[in-house]
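Structure file final05.cif (mmCIF, C-alpha atoms) is printed below.
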data_upload
loop_
_atom_site.label_atom_id
_atom_site.label_comp_id
_atom_site.auth_asym_id
_atom_site.auth_seq_id
_atom_site.Cartn_x
_atom_site.Cartn_y
_atom_site.Cartn_z
CA MET A 1 0.00 0.00 0.00
CA ILE A 2 1.32 3.40 -0.93
CA LEU A 3 0.54 6.40 1.21
CA GLY A 4 1.10 10.02 0.60
CA LYS A 5 -1.71 12.41 0.19
CA ASP A 6 -3.83 9.50 -1.09
CA PHE A 7 -4.40 5.82 -0.40
CA LYS A 8 -3.16 3.64 -3.24
CA MET A 9 -3.79 -0.11 -3.21
CA LYS A 10 -2.56 -2.62 -5.74
CA THR A 11 -3.08 -6.25 -6.65
CA GLU A 12 -2.14 -8.17 -9.79
CA TYR A 13 -5.50 -7.13 -11.29
CA TRP A 14 -5.96 -3.48 -10.39
CA GLU A 15 -4.58 -0.33 -8.87
CA PHE A 16 -7.12 1.47 -6.73
CA GLN A 17 -6.63 5.02 -5.56
CA ILE A 18 -8.70 6.99 -3.07
CA SER A 19 -7.94 10.66 -3.35
CA SER A 20 -8.05 12.74 -0.24
CA GLY A 21 -10.58 15.40 -0.88
CA THR A 22 -13.15 17.23 1.09
CA ALA A 23 -15.79 15.48 3.17
CA ASP A 24 -18.43 16.09 0.52
CA LYS A 25 -16.39 14.48 -2.26
CA LEU A 26 -15.02 10.96 -2.44
CA THR A 27 -12.86 10.44 -5.50
CA ILE A 28 -11.62 7.02 -6.51
CA SER A 29 -9.82 5.80 -9.59
CA ILE A 30 -9.32 2.21 -10.68
CA ILE A 31 -6.79 1.07 -13.24
CA PHE A 32 -7.35 -2.47 -14.48
CA PHE A 33 -4.24 -4.24 -15.68
CA ASP A 34 -4.17 -6.33 -18.84
CA LYS A 35 -5.23 -9.49 -17.10
CA GLN A 36 -8.59 -11.22 -16.81
CA ILE A 37 -10.14 -10.86 -13.37
CA PRO A 38 -11.46 -14.04 -11.77
CA ASP A 39 -15.05 -13.77 -10.61
CA ALA A 40 -14.05 -14.18 -6.96
CA GLU A 41 -11.67 -11.21 -7.20
CA LEU A 42 -14.29 -9.05 -8.86
CA ARG A 43 -16.71 -9.88 -6.06
CA LYS A 44 -14.07 -8.70 -3.59
CA LEU A 45 -13.70 -5.46 -5.47
CA GLU A 46 -17.47 -4.94 -5.36
CA ALA A 47 -17.58 -5.79 -1.65
CA ALA A 48 -14.70 -3.43 -0.92
CA ILE A 49 -16.37 -0.52 -2.73
CA ARG A 50 -19.58 -1.21 -0.83
CA LEU A 51 -17.66 -1.14 2.48
CA LEU A 52 -15.86 2.06 1.51
CA LEU A 53 -19.16 3.78 0.76
CA GLN A 54 -20.66 2.57 4.03
CA ALA A 55 -17.61 3.74 5.97
CA CYS A 56 -17.70 7.18 4.40
CA GLY A 57 -21.45 7.58 4.95
CA ARG A 58 -22.60 7.25 1.34
CA LEU A 59 -24.44 3.98 1.72
CA VAL A 60 -26.73 2.98 4.56
CA ILE A 61 -27.87 -0.51 5.39
CA ASN A 62 -31.51 -1.00 6.37
CA PRO A 63 -32.40 2.71 6.62
CA SER A 64 -36.03 1.82 7.37
CA LYS A 65 -35.00 0.24 10.68
CA ARG A 66 -33.50 3.42 12.01
CA MET B 1 -27.15 16.28 13.91
CA ARG B 2 -27.70 13.88 11.02
CA ALA B 3 -27.99 10.18 11.79
CA LEU B 4 -24.46 9.05 12.57
CA ASP B 5 -24.31 6.40 9.86
CA LEU B 6 -25.00 9.19 7.38
CA ILE B 7 -22.52 11.76 8.55
CA PRO B 8 -19.68 12.04 6.07
CA LEU B 9 -16.42 10.76 7.47
CA ARG B 10 -13.12 11.56 5.85
CA PHE B 11 -10.24 9.11 6.09
CA SER B 12 -6.82 10.67 5.77
CA PRO B 13 -3.31 9.19 5.86
CA PHE B 14 -1.33 10.05 8.99
CA SER B 15 2.02 11.77 8.84
CA PRO B 16 4.14 13.13 11.70
CA ARG B 17 3.24 16.62 10.51
CA LYS B 18 -0.10 15.94 12.16
CA LYS B 19 1.46 15.24 15.56
CA LYS B 20 -0.21 18.20 17.26
CA GLU B 21 -3.65 17.09 16.12
CA VAL B 22 -3.08 13.49 17.20
CA LEU B 23 -1.73 14.58 20.59
CA LYS B 24 -4.84 16.72 21.07
CA PHE B 25 -7.01 13.71 20.17
CA PHE B 26 -5.24 11.51 22.73
CA SER B 27 -5.28 14.19 25.42
CA GLU B 28 -9.06 14.53 25.05
CA LEU B 29 -9.70 10.79 25.42
CA SER B 30 -11.03 9.74 28.82
CA LYS B 31 -8.74 7.82 31.15
CA GLU B 32 -10.82 4.67 30.57
CA SER B 33 -10.42 4.94 26.80
CA ARG B 34 -6.68 5.53 27.13
CA MET B 35 -6.33 2.49 29.40
CA MET B 36 -8.03 0.37 26.76
CA TYR B 37 -5.65 1.72 24.14
CA THR B 38 -2.33 0.52 25.51
CA THR B 39 -0.52 -1.15 28.36
CA ASP B 40 2.53 1.09 28.07
CA GLY B 41 1.16 4.22 29.72
CA ILE B 42 -1.69 6.60 29.32
CA ASP B 43 -0.13 10.02 28.87
CA PRO B 44 -0.77 11.47 25.40
CA GLU B 45 2.95 11.51 24.45
CA THR B 46 3.28 7.78 25.18
CA LEU B 47 0.10 7.01 23.26
CA TYR B 48 1.34 9.10 20.35
CA ALA B 49 4.76 7.43 20.37
CA GLN B 50 3.10 4.04 20.31
CA PHE B 51 0.71 5.06 17.56
CA ARG B 52 3.35 6.47 15.23
CA SER B 53 6.05 3.80 15.59
CA GLY B 54 6.64 2.22 12.21
CA TRP B 55 4.35 4.59 10.32
CA LYS B 56 6.59 4.56 7.22
CA TYR B 57 6.04 0.86 6.68
CA HIS B 58 2.31 0.50 7.27
CA THR B 59 -0.98 2.31 6.84
CA TYR B 60 -1.94 4.84 9.48
CA ILE B 61 -5.28 6.54 9.20
CA LEU B 62 -6.89 9.53 10.84
CA VAL B 63 -10.67 9.86 10.70
CA TYR B 64 -12.43 13.23 10.55
CA TYR B 65 -15.97 14.46 10.86
CA GLY B 66 -15.69 17.91 9.32
CA LYS B 67 -12.51 19.34 10.80
CA GLU B 68 -12.76 17.33 14.00
CA MET B 69 -10.63 14.21 14.39
CA VAL B 70 -12.99 11.52 15.68
CA GLY B 71 -10.79 8.44 15.45
CA LEU B 72 -7.63 6.78 14.28
CA VAL B 73 -6.38 3.32 13.37
CA ARG B 74 -3.43 1.43 11.89
CA LEU B 75 -3.32 -1.36 9.34
CA LEU B 76 -0.15 -3.44 9.38
CA GLN B 77 0.58 -5.69 6.43
CA TYR B 78 2.84 -8.72 6.19
CA ASN B 79 2.45 -10.17 2.70
CA LYS B 80 -1.13 -11.43 2.52
CA VAL B 81 -1.83 -11.00 6.23
CA GLY B 82 -3.05 -7.75 7.72
CA LYS B 83 -3.45 -6.66 11.30
CA ILE B 84 -5.68 -3.92 12.66
CA GLU B 85 -4.10 -2.07 15.54
CA GLY B 86 -4.52 1.02 17.62
CA ILE B 87 -8.14 1.81 16.88
CA ALA B 88 -9.57 4.62 18.98
CA VAL B 89 -12.73 6.70 18.78
CA ALA B 90 -13.27 10.03 20.54
CA ASP B 91 -15.39 9.52 23.66
CA ARG B 92 -18.32 11.62 22.50
CA TYR B 93 -18.58 9.53 19.33
CA GLN B 94 -18.32 6.12 20.98
CA GLY B 95 -21.30 3.77 20.74
CA LYS B 96 -22.53 5.47 17.57
CA GLY B 97 -21.16 3.16 14.91
CA ILE B 98 -18.00 5.14 14.13
CA GLY B 99 -15.72 2.26 15.18
CA THR B 100 -17.67 -0.09 12.92
CA ARG B 101 -17.23 2.29 10.00
CA ILE B 102 -13.51 2.59 10.68
CA VAL B 103 -13.10 -1.20 10.67
CA LYS B 104 -15.18 -1.43 7.47
CA TYR B 105 -12.84 1.07 5.85
CA ILE B 106 -9.83 -0.99 6.91
CA ILE B 107 -11.42 -4.20 5.61
CA ALA B 108 -12.01 -2.46 2.27
CA LEU B 109 -8.41 -1.20 2.04
CA ALA B 110 -7.15 -4.67 2.93
CA MET B 111 -9.29 -6.33 0.24
CA LEU B 112 -8.18 -3.79 -2.34
CA ASN B 113 -4.54 -4.41 -1.46
CA GLY B 114 -4.71 -8.19 -1.80
CA ILE B 115 -4.75 -9.06 1.91
CA ARG B 116 -6.32 -12.49 2.50
CA VAL B 117 -6.50 -12.63 6.29
CA LEU B 118 -7.13 -9.77 8.67
CA ARG B 119 -6.28 -10.10 12.36
CA ALA B 120 -6.97 -8.06 15.46
CA GLU B 121 -6.28 -8.34 19.17
CA VAL B 122 -8.39 -6.86 21.93
CA LYS B 123 -7.96 -6.72 25.68
CA LYS B 124 -10.23 -9.16 27.51
CA GLU B 125 -11.91 -6.35 29.37
CA ASN B 126 -12.53 -4.35 26.19
CA LYS B 127 -16.00 -5.68 25.50
CA LYS B 128 -16.90 -2.86 23.10
CA SER B 129 -14.03 -3.71 20.75
CA TYR B 130 -14.73 -7.42 21.00
CA ARG B 131 -18.37 -6.88 20.06
CA LEU B 132 -17.37 -4.60 17.19
CA PHE B 133 -15.03 -7.17 15.62
CA SER B 134 -17.42 -10.08 16.23
CA HIS B 135 -20.23 -8.15 14.58
CA LEU B 136 -18.03 -7.69 11.49
CA GLY B 137 -17.34 -11.40 11.10
CA PHE B 138 -14.09 -11.78 13.05
CA LYS B 139 -13.74 -15.16 14.80
CA VAL B 140 -11.78 -15.83 17.98
CA THR B 141 -8.62 -17.86 17.28
CA LYS B 142 -6.95 -17.71 20.68
CA ARG B 143 -7.48 -16.35 24.17
CA ASP B 144 -4.63 -15.49 26.53
CA SER B 145 -4.14 -12.10 28.11
CA LEU B 146 -5.72 -10.85 24.88
CA ILE B 147 -8.50 -12.08 22.62
CA HIS B 148 -7.07 -12.84 19.17
CA LEU B 149 -9.49 -12.49 16.29
CA GLU B 150 -9.28 -13.22 12.60
CA ARG B 151 -11.36 -12.79 9.48
CA GLU B 152 -10.74 -14.19 6.03
CA LEU B 153 -11.27 -11.73 3.21
#
Represent the structure of the file as structure tokens.
Amino acid sequence: MILGKDFKMKTEYWEFQISSGTADKLTISIIFFDKQIPDAELRKLEAAIRLLLQACGRLVINPSKR
Amino acid sequence: MRALDLIPLRFSPFSPRKKKEVLKFFSELSKESRMMYTTDGIDPETLYAQFRSGWKYHTYILVYYGKEMVGLVRLLQYNKVGKIEGIAVADRYQGKGIGTRIVKYIIALAMLNGIRVLRAEVKKENKKSYRLFSHLGFKVTKRDSLIHLEREL
């Protein structure tokens, strides 16, 4: 993991960057390398984005139960 | 105030330039929270020294609500194994789901960086942290003076 102003994560399939911005903006960029992504890895990517959005307050689980 | 799972949190990498802010965060933690944080001592300088050790090699995160620092955490990585350490939430934000959101963020970073197993250790008396990790799918692997937890990603 590379840290500076941003968080940069890397696997053999992608490079994922979360830019530090303001609280009202969450900027991510994903570079996919020239390699086919196994379904299980893609599911992880989806799950990770879901968790990121929940953590940052962009996605709420079961809002009706609040 | 908006519902706490909707308030926007900002996650920012730590650097020693932010020492003053982190010291302020530790100095405002209650004695109980500081005692849960470490066994080495509870003065803010000691807590800060423990928090920042090894920061160049791992991922250290500060969490903000607006301009206010509400928490911090570290993610250590050894190949495909990650370890969550040093999580703390400001007293006035405890019990409101902020810790859960911090751990979710760490799980996401770990997944995105190819970590396969994520570990954590909590003090036996730290029931809040134990509940938090259990709720997020961490299983107990060992109990000694600490509770060792693990989750496959």
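Applied to the file shown here, the PyMOL selection byres ((chain A and resi 35) around 10) selects Glu12, Tyr13, Trp14, Phe32, Phe33, Asp34, Gln36, Ile37 and Pro38 of chain A.
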Produce a file of the selected residues containing C-alpha atoms, as a CSV table (one decimal), in the coordinates of the input.
chain,number,residue,atom,x,y,z
A,12,GLU,CA,-2.1,-8.2,-9.8
A,13,TYR,CA,-5.5,-7.1,-11.3
A,14,TRP,CA,-6.0,-3.5,-10.4
A,32,PHE,CA,-7.4,-2.5,-14.5
A,33,PHE,CA,-4.2,-4.2,-15.7
A,34,ASP,CA,-4.2,-6.3,-18.8
A,36,GLN,CA,-8.6,-11.2,-16.8
A,37,ILE,CA,-10.1,-10.9,-13.4
A,38,PRO,CA,-11.5,-14.0,-11.8
Quiz item: When the PyMOL selection byres ((chain A) within 6 of (chain B)) is applied to the file above, which residues end up in the set, as a list in words?
Solution: Met9, Lys10, Thr11, Ala23, Ala48, Leu51, Leu52, Ala55, Cys56 and Gly57 of chain A
Quiz prompt | Atomic separation - CA of Tyr78 in chain B relative to CA of Arg116 in chain B, Å | solution = 10.6 Å
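CA of Ala120 in chain B lies 6.6 Å from CA of Glu85 in chain B.
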Practice problem: Kindly give the distance, in Å, that separates CA of Gln94 in chain B and CA of Pro44 in chain B, rounded to a single decimal. | Solution: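 CA of Gln94 in chain B sits 18.9 Å away from CA of Pro44 in chain B.
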Residues matched by the PyMOL selection byres ((chain B and resi 43) around 10), written as a tab-separated table (two decimals) with C-alpha atoms, in the frame of the given file:
chain	number	residue	atom	x	y	z
B	23	LEU	CA	-1.73	14.58	20.59
B	26	PHE	CA	-5.24	11.51	22.73
B	27	SER	CA	-5.28	14.19	25.42
B	31	LYS	CA	-8.74	7.82	31.15
B	34	ARG	CA	-6.68	5.53	27.13
B	35	MET	CA	-6.33	2.49	29.40
B	40	ASP	CA	2.53	1.09	28.07
B	41	GLY	CA	1.16	4.22	29.72
B	42	ILE	CA	-1.69	6.60	29.32
B	44	PRO	CA	-0.77	11.47	25.40
B	45	GLU	CA	2.95	11.51	24.45
B	46	THR	CA	3.28	7.78	25.18
B	47	LEU	CA	0.10	7.01	23.26
B	48	TYR	CA	1.34	9.10	20.35
Practice problem: For range 121-137 of chain B, list every protein, DNA or RNA residue within 7 Å, evaluated using only C-alpha atoms, and leave out those in the same chain fewer than 2 positions away; present the list as a list in words. | Solution: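 Near range 121-137 of chain B, the qualifying residues are Met36, Thr100, Lys139, Ser145, Leu146, Ile147, His148, Leu149 and Arg151 of chain B.
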Quiz prompt | Contacts of Ser19 in chain A within 7 Å, only C-alpha atoms, excl. fewer than 5 positions in-chain, as a list in words | solution =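 So the residues in contact are Asp6, Phe7, Thr27 and Ile28 of chain A.
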